[in-house]
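Participant: Quick one: structure below, then a few questions.
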Amino acid sequence: MTAELPRELRPWPVRARRPLTPEAVRASALVDSAHEADPVVTAHAQQAVTIHDTSRERTRLYARQLAEVAQFLQEDPDVSDPSDDLDLIAMKLATALRVSASQAAGRVRDAHRAVTVMPGTFEQLTTGDLPEDWHRTLLRRLAGMSDAQAAAIDAVVATWEVASISRSQFDRHLGLAISLTLSEVPEPARTPERDVSVQIGPVPEGTATLSVTGPMLEILALSHRLDAVARTVQAAQRKQLAEQPGEALPFDPDGTALENGRALSLATLRYLVLTHSLLHHEPVEAPRTALTLFVTVPAMTLLGASDAPGMLEGRTPIPADQARFLAAGQPDWHRLLTDPISGAYLDAPTTRYTPTAAQRTQLRLRHPVCAAPGCTHSTVLASEDDHIEEFDHRDPARGGPTTLENLHRLCWRHHQLKTVGRLDPTREAGATPDPSAAEPSDPRACLGAGTGPPELRRREPAVTRWTLDGAHTSWTLEHTDMTTPLLAATLERRWAEHLAERAAAAARAGALPGDGGAVDPCGSVCPSDPGPPPF
């Protein structure tokens with residue numbers, strides 16, 4: 001792409017005082033030139049030259065990968081419009097790049113822009129002169145700009161001596177180039193971005209961040225309203241604490257302000273005002289059912305025997321104390337059984353087309369994100385249950401059963417691609433081993449080999465083979481409960497302690513080993529009827 005540069009944006013020289021030669025790199029690593037003759041010091045300084053050469057080679061490899069990704073996009077026979085088929089292209093490349101589908105889509109966009117729209121700086125990459133990190137910074141800062149603006153900046157940066165200038169020089173002049181481009185190169189009219197996103201953690205544990213993006217004036221107005229309401233509520237709390245001590249305070253859901261005798265902070269009140277306000281949705285009818293979030297809590301955590309975390313929607317850990325607090329406040333608990341070795345969820349069969357409530361619960365946990373390769377879209381909303389092998393409505397017995405082995409959850413986009421035949425999943429045969437034998441790790445295995453309850457016999461997570469556009473192949477593994485394998489040993493130890501206590505009680509009561517007792521495979525003496533495990 002050739003950029004017609006305005007007069008104010010004509011390239012200007014950006015040069016270093018001296019070329020960055022190997023000798024200059026070596027000299028920069030010498031702390032004291034007086035020790036230059038010392039072979040140890042000289043060898044250490046030479047390592048800086050090696051590191052510099054490695055960085056240049058890494059930059060060339062980075063440029064090579066960008067070129068290969070751009071070529072893959074250009075030569076894909078299934079792609080007519082890259083913007084429309086970006087999701088499918090990303091799925092094809094996600095495995096090769098070892099990233100999620102959304103990250104792969106970003107890599108494809110970057111490669112297309114770097115190679116096609118910004119050839120000048122890409123040429124600097126191929127020679128190793130423009131460091132990889134500098135180029136990533138360039139792409140990131142130009143991400144919201146039009147192709148014409150990016151091409152104009154590329155034409156300017158391509159004239160700089162990037163092989164020798166410092167990072168601070170590059171950043172300063174790039175900022176100037178961007179500022180001049182935004183004022184001189186017209187940008188196509190577009191609707192301002194409006195978005196709300198959620199980011200989980202990572203610090204502090206058990207927290208999440210809600211980010212709201214929109215036109216500056218709208219966001220500033222929202223912030224002002226939140227601040228004004230928070231200050232009003234804070235003033236009301238202070239007044240009531242002074243005039244009516246002991247009375248319940250507004251916006252004090254857990255009684256913290258009343259207990260401390262002090263109004264809540266403005267930051268806390270902004271949060272409470274935002275999370276406790278009614279959402280305006282007229283004239284659209286409000287949803288009739290509330291959003292249900294699944295929190296799975298290990299039995300050992302509920303008993304206080306472990307501090308293993310609970311899992312929000314099957315994939316986000318929450319601290320054990322939060323998990324116990326949430327569980328204690330719920331009127332109903334639902335039991336979910338998992339394989340003690342793999343953590344795979346055990347089946348909940350049915351014979352009808354529509355999955356049962358129990359199956360849908362398990363599907364949410366088995367597929368907390370879309371089952372398509374590399375997709376990271378949550379399945380809490382905007383997703384659908386899908387039969388891998390199509391359900392036969394005329395003769396259900398012929399195939400496509402409504403079982404967890406033949407079901408998964410897909411986001412709307414990938415469900416549509418499957419419907420039109422561009423995605424073809426197949427559940428791999430043999431993904432689930434023969435469940436006829438009980439595992440030794442089954443805490444109830446002491447009842448006798450092969451007599452453990454069927455719902456606790458070994459099950460491996462299912463593998464799905466995906467064919468993209470009839471040619472490309474990828475595999476996915478269904479989600480499992482991550483804490484089960486970690487807690488299996490704890491559960492077995494506690495179960496052994498339980499049996500030992502019962503055996504000791506029986507001995508004290510006059511029962512002798514071998515007289516109405518049984519020896520379990522783990523080596524403990526068990527009463528004839530050990531009863532259910534303590535969970």
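Letters for chains follow the order of the structure tokens (A, B, ...), residue numbers begin at 1 for each chain, and ligand numbers begin at 1 in the order shown.
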Env of Ala308 of chain A: 12 Å cut, atoms = only C-alpha atoms, seq-sep filter 2 positions within chain, self excluded. Answer as a PyMOL selection string.
Facilitator: chain A and resi 296-306+310-311+317-324+481-488+490
Participant: If you run DSSP over the backbone, which residues in segment 214-345 of chain A end up strand (DSSP E)? Put them as a PyMOL selection string.
Facilitator: chain A and resi 295-296+310-312+316-318
Participant: If you keep C-alpha atoms, can you produce a file of those selected residues as an mmCIF file, in the first residue's frame?
Facilitator:
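Saved result, out_3.cif, follows:
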```
data_model
loop_
_atom_site.group_PDB
_atom_site.id
_atom_site.type_symbol
_atom_site.label_atom_id
_atom_site.label_comp_id
_atom_site.auth_asym_id
_atom_site.auth_seq_id
_atom_site.Cartn_x
_atom_site.Cartn_y
_atom_site.Cartn_z
ATOM 1 C CA VAL A 295 -19.828 -22.935 41.692
ATOM 2 C CA THR A 296 -18.468 -26.429 42.297
ATOM 3 C CA GLY A 310 -13.935 -24.043 44.433
ATOM 4 C CA MET A 311 -14.400 -23.517 40.704
ATOM 5 C CA LEU A 312 -16.597 -20.820 39.147
ATOM 6 C CA THR A 316 -11.981 -20.063 37.471
ATOM 7 C CA PRO A 317 -10.646 -20.937 40.960
ATOM 8 C CA ILE A 318 -12.153 -19.128 43.940
#
```
Participant: For the helix (DSSP H, G or I) assignment from backbone DSSP, which residues of segment 54-277 of chain A qualify? Please present them as JSON, numbers by chain.
Facilitator: {"A": [54, 55, 56, 57, 58, 59, 60, 61, 62, 63, 64, 65, 66, 67, 68, 69, 70, 71, 72, 73, 74, 75, 86, 87, 88, 89, 90, 91, 92, 93, 94, 95, 96, 97, 101, 102, 103, 104, 105, 106, 107, 108, 109, 110, 111, 112, 113, 114, 115, 116, 117, 119, 120, 121, 122, 123, 124, 125, 126, 132, 133, 134, 135, 136, 137, 138, 139, 140, 141, 147, 148, 149, 150, 151, 152, 153, 154, 155, 156, 157, 167, 168, 169, 170, 171, 172, 173, 174, 175, 176, 177, 178, 179, 180, 181, 182, 183, 184, 216, 217, 218, 219, 220, 221, 222, 223, 224, 225, 226, 227, 228, 229, 230, 231, 232, 233, 234, 235, 236, 237, 238, 239, 240, 241, 242, 243, 256, 257, 258, 259, 260, 266, 267, 268, 269, 270, 271, 272, 273, 274, 275]}
Participant: With only C-alpha atoms counted and 7 Å as the cut-off, give the residues of segment 249-283 of chain A in contact with segment 213-236 of chain A, each with its shortest interatomic distance in Å and the pair that gives it, as CSV.
Facilitator:
```
residue,atom,partner,partner_atom,distance
A:Ala263,CA,A:Gln234,CA,6.0
A:Leu264,CA,A:Gln234,CA,6.7
A:Leu266,CA,A:Ala230,CA,5.9
A:Leu269,CA,A:Ala230,CA,5.2
A:Arg270,CA,A:Ala230,CA,5.4
A:Val273,CA,A:Ala230,CA,6.9
```
Participant: Taking 6 positions as the minimum chain separation for residues in the same chain, which residues sit within 12 Å of Arg360 of chain A when counting only C-alpha atoms? Answer as a VMD selection string.
Facilitator: chain A and resid 294 347 to 350 354 366 to 368 379 to 380 383 to 386 402 to 404 407 to 409
Participant: Near Cys370 of chain A, within 7 Å and counting only C-alpha atoms, which residues show up once chain neighbours fewer than 5 positions away are dropped, as a CSV table (one decimal) with N, CA, C and O atoms, in the first residue's frame?
Facilitator:
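Generated file (selection-v3.csv):
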```csv
chain,number,residue,atom,x,y,z
A,375,CYS,N,-11.5,-21.8,20.7
A,375,CYS,CA,-12.4,-20.8,21.0
A,375,CYS,C,-12.5,-20.6,22.5
A,375,CYS,O,-12.4,-21.5,23.3
A,376,THR,N,-12.5,-19.3,23.0
A,376,THR,CA,-12.6,-19.0,24.4
A,376,THR,C,-13.8,-18.3,24.8
A,376,THR,O,-13.9,-17.8,25.9
A,377,HIS,N,-14.9,-18.3,24.0
A,377,HIS,CA,-16.1,-17.7,24.3
A,377,HIS,C,-16.8,-18.5,25.4
A,377,HIS,O,-17.0,-19.7,25.3
A,378,SER,N,-17.2,-17.8,26.5
A,378,SER,CA,-17.9,-18.5,27.6
A,378,SER,C,-19.3,-19.0,27.1
A,378,SER,O,-19.9,-18.4,26.3
A,379,THR,N,-19.7,-20.2,27.7
A,379,THR,CA,-21.0,-20.8,27.3
A,379,THR,C,-22.1,-20.4,28.3
A,379,THR,O,-23.1,-21.1,28.2
A,409,ARG,N,-21.2,-28.0,23.9
A,409,ARG,CA,-21.8,-26.6,23.8
A,409,ARG,C,-20.9,-25.8,22.9
A,409,ARG,O,-19.7,-25.8,23.0
A,410,LEU,N,-21.6,-25.1,22.0
A,410,LEU,CA,-20.9,-24.2,21.0
A,410,LEU,C,-21.5,-22.8,21.1
A,410,LEU,O,-22.6,-22.6,21.4
A,411,CYS,N,-20.6,-21.8,20.9
A,411,CYS,CA,-21.0,-20.5,20.7
A,411,CYS,C,-21.8,-20.4,19.4
A,411,CYS,O,-21.8,-21.2,18.6
```
Participant: Write out as a PyMOL selection string which residues come within 10 Å of segment 89-103 of chain A when counting only C-alpha atoms, dropping same-chain ones fewer than 5 positions away.
Facilitator: chain A and resi 65+69+72-73+76+78-79+82-84+108-109+372-377+467-469+472-475
Participant: Would you save the residues from that selection as a CSV table (one decimal), in the first residue's frame, using C-alpha atoms?
Facilitator:
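selection-v1.csv, written as the output of this step:
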```csv
chain,number,residue,atom,x,y,z
A,65,GLN,CA,6.5,-16.1,10.9
A,69,VAL,CA,0.9,-16.3,8.5
A,72,PHE,CA,-1.5,-18.7,4.8
A,73,LEU,CA,-4.3,-16.1,4.8
A,76,ASP,CA,-6.3,-20.3,1.8
A,78,ASP,CA,-11.7,-21.5,1.5
A,79,VAL,CA,-11.3,-17.8,2.2
A,82,PRO,CA,-10.6,-12.5,5.3
A,83,SER,CA,-12.8,-10.2,7.4
A,84,ASP,CA,-15.8,-12.6,7.2
A,108,VAL,CA,-3.6,-13.0,11.6
A,109,ARG,CA,-4.6,-9.3,11.7
A,372,ALA,CA,-14.6,-25.5,19.0
A,373,PRO,CA,-10.8,-25.7,18.7
A,374,GLY,CA,-9.2,-22.6,20.3
A,375,CYS,CA,-12.4,-20.8,21.0
A,376,THR,CA,-12.6,-19.0,24.4
A,377,HIS,CA,-16.1,-17.7,24.3
A,467,THR,CA,-12.4,-31.2,10.4
A,468,LEU,CA,-12.3,-27.7,9.1
A,469,ASP,CA,-13.5,-27.0,5.6
A,472,HIS,CA,-7.7,-29.3,8.2
A,473,THR,CA,-7.9,-31.4,11.3
A,474,SER,CA,-7.7,-30.5,15.0
A,475,TRP,CA,-8.5,-32.2,18.3
```
Participant: Taking only C-alpha atoms into account, produce a table as CSV in which each residue of segment 20-89 of chain A with an atom at most 7 Å from an atom of segment 117-130 of chain A appears once, together with its shortest atom pair and the distance in Å to one decimal, ordered by chain and rising number.
Facilitator:
```
residue,atom,partner,partner_atom,distance
A:Arg56,CA,A:Gly128,CA,4.6
A:Glu57,CA,A:Gly128,CA,6.5
A:Thr59,CA,A:Gly128,CA,5.3
A:Arg60,CA,A:Thr126,CA,5.0
A:Ala63,CA,A:Thr126,CA,5.5
```
Participant: Excluding Asn406 of chain A and its own-chain neighbours fewer than 4 positions away, which residues fall within 8 Å of it when counting only C-alpha atoms? Please give them as number ranges by chain.
Facilitator: A: 387-389, 400-402, 427
Participant: Could you write out that same residue set with all heavy atoms as a short mmCIF file (atom, residue, chain, number, x, y, z; two decimals), in the first residue's frame?
Facilitator:
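Listing of selection-v4.cif after writing:
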```cif
data_model
loop_
_atom_site.label_atom_id
_atom_site.label_comp_id
_atom_site.auth_asym_id
_atom_site.auth_seq_id
_atom_site.Cartn_x
_atom_site.Cartn_y
_atom_site.Cartn_z
N HIS A 387 -25.73 -31.72 19.26
CA HIS A 387 -25.42 -33.13 19.06
C HIS A 387 -24.23 -33.25 18.09
O HIS A 387 -24.28 -32.72 16.99
CB HIS A 387 -26.62 -33.88 18.47
CG HIS A 387 -27.73 -34.12 19.45
ND1 HIS A 387 -28.57 -33.11 19.87
CD2 HIS A 387 -28.14 -35.25 20.09
CE1 HIS A 387 -29.45 -33.61 20.73
NE2 HIS A 387 -29.21 -34.90 20.88
N ILE A 388 -23.20 -33.97 18.51
CA ILE A 388 -22.03 -34.16 17.64
C ILE A 388 -22.44 -35.02 16.44
O ILE A 388 -22.23 -34.65 15.29
CB ILE A 388 -20.88 -34.80 18.43
CG1 ILE A 388 -20.43 -33.84 19.53
CG2 ILE A 388 -19.71 -35.16 17.50
CD1 ILE A 388 -19.40 -34.42 20.46
N GLU A 389 -23.03 -36.17 16.72
CA GLU A 389 -23.67 -36.96 15.67
C GLU A 389 -25.14 -36.57 15.68
O GLU A 389 -25.81 -36.68 16.70
CB GLU A 389 -23.52 -38.46 15.94
CG GLU A 389 -24.19 -39.33 14.89
CD GLU A 389 -24.14 -40.82 15.24
OE1 GLU A 389 -23.45 -41.17 16.22
OE2 GLU A 389 -24.82 -41.60 14.55
N GLY A 400 -27.08 -40.74 16.95
CA GLY A 400 -27.16 -39.39 17.48
C GLY A 400 -27.84 -39.34 18.83
O GLY A 400 -28.74 -38.52 19.02
N PRO A 401 -27.45 -40.18 19.79
CA PRO A 401 -28.14 -40.20 21.08
C PRO A 401 -27.92 -38.91 21.87
O PRO A 401 -26.92 -38.21 21.69
CB PRO A 401 -27.50 -41.40 21.79
CG PRO A 401 -26.13 -41.49 21.21
CD PRO A 401 -26.30 -41.11 19.76
N THR A 402 -28.86 -38.64 22.75
CA THR A 402 -28.74 -37.47 23.62
C THR A 402 -28.01 -37.92 24.89
O THR A 402 -28.60 -38.12 25.95
CB THR A 402 -30.12 -36.88 23.94
OG1 THR A 402 -30.80 -36.60 22.72
CG2 THR A 402 -29.99 -35.59 24.74
N ARG A 427 -16.70 -37.48 17.62
CA ARG A 427 -16.18 -37.95 18.91
C ARG A 427 -15.33 -39.19 18.66
O ARG A 427 -15.78 -40.16 18.07
CB ARG A 427 -17.36 -38.26 19.84
CG ARG A 427 -17.00 -38.65 21.26
CD ARG A 427 -16.16 -37.65 22.02
NE ARG A 427 -16.59 -36.28 22.04
CZ ARG A 427 -17.46 -35.77 22.91
NH1 ARG A 427 -18.05 -36.53 23.79
NH2 ARG A 427 -17.73 -34.48 22.89
#
```
Participant: Have a look at A:Glu405, A:Glu390, A:Asp38, A:Glu193 and name the one nearest to Lys418 of chain A; count only C-alpha atoms.
Facilitator: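 Closest residue, counting only C-alpha atoms: A:Glu390.
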Participant: Hey, what's within 12 Å of Leu258 of chain A if we count only C-alpha atoms and toss same-chain stuff fewer than 4 positions away? As a tab-separated table (two decimals) with C-alpha atoms, in the first residue's frame, please?
Facilitator:
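This went into part-v8.tsv:
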```tsv
chain	number	residue	atom	x	y	z
A	237	GLN	CA	-24.72	7.48	56.12
A	238	ARG	CA	-22.76	10.05	58.15
A	240	GLN	CA	-27.77	8.79	60.15
A	241	LEU	CA	-24.77	7.58	62.19
A	242	ALA	CA	-24.75	10.93	64.00
A	244	GLN	CA	-29.82	7.77	64.61
A	245	PRO	CA	-26.98	5.51	65.78
A	246	GLY	CA	-27.80	1.83	65.65
A	247	GLU	CA	-30.30	2.14	62.80
A	248	ALA	CA	-29.71	0.28	59.49
A	249	LEU	CA	-27.83	2.36	56.94
A	250	PRO	CA	-28.54	2.73	53.22
A	251	PHE	CA	-26.17	0.86	50.90
A	252	ASP	CA	-24.62	-1.08	53.77
A	253	PRO	CA	-25.51	-4.66	52.73
A	254	ASP	CA	-23.23	-6.51	55.16
A	262	ARG	CA	-18.09	5.04	60.04
A	263	ALA	CA	-19.47	5.72	56.56
A	264	LEU	CA	-18.15	3.56	53.73
```
Participant: So how far away is atom CA of Thr207 of chain A from atom CA of Thr275 of chain A, in Å?
Facilitator: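 For atom CA of Thr275 of chain A relative to atom CA of Thr207 of chain A, the distance reads 14.5 Å.
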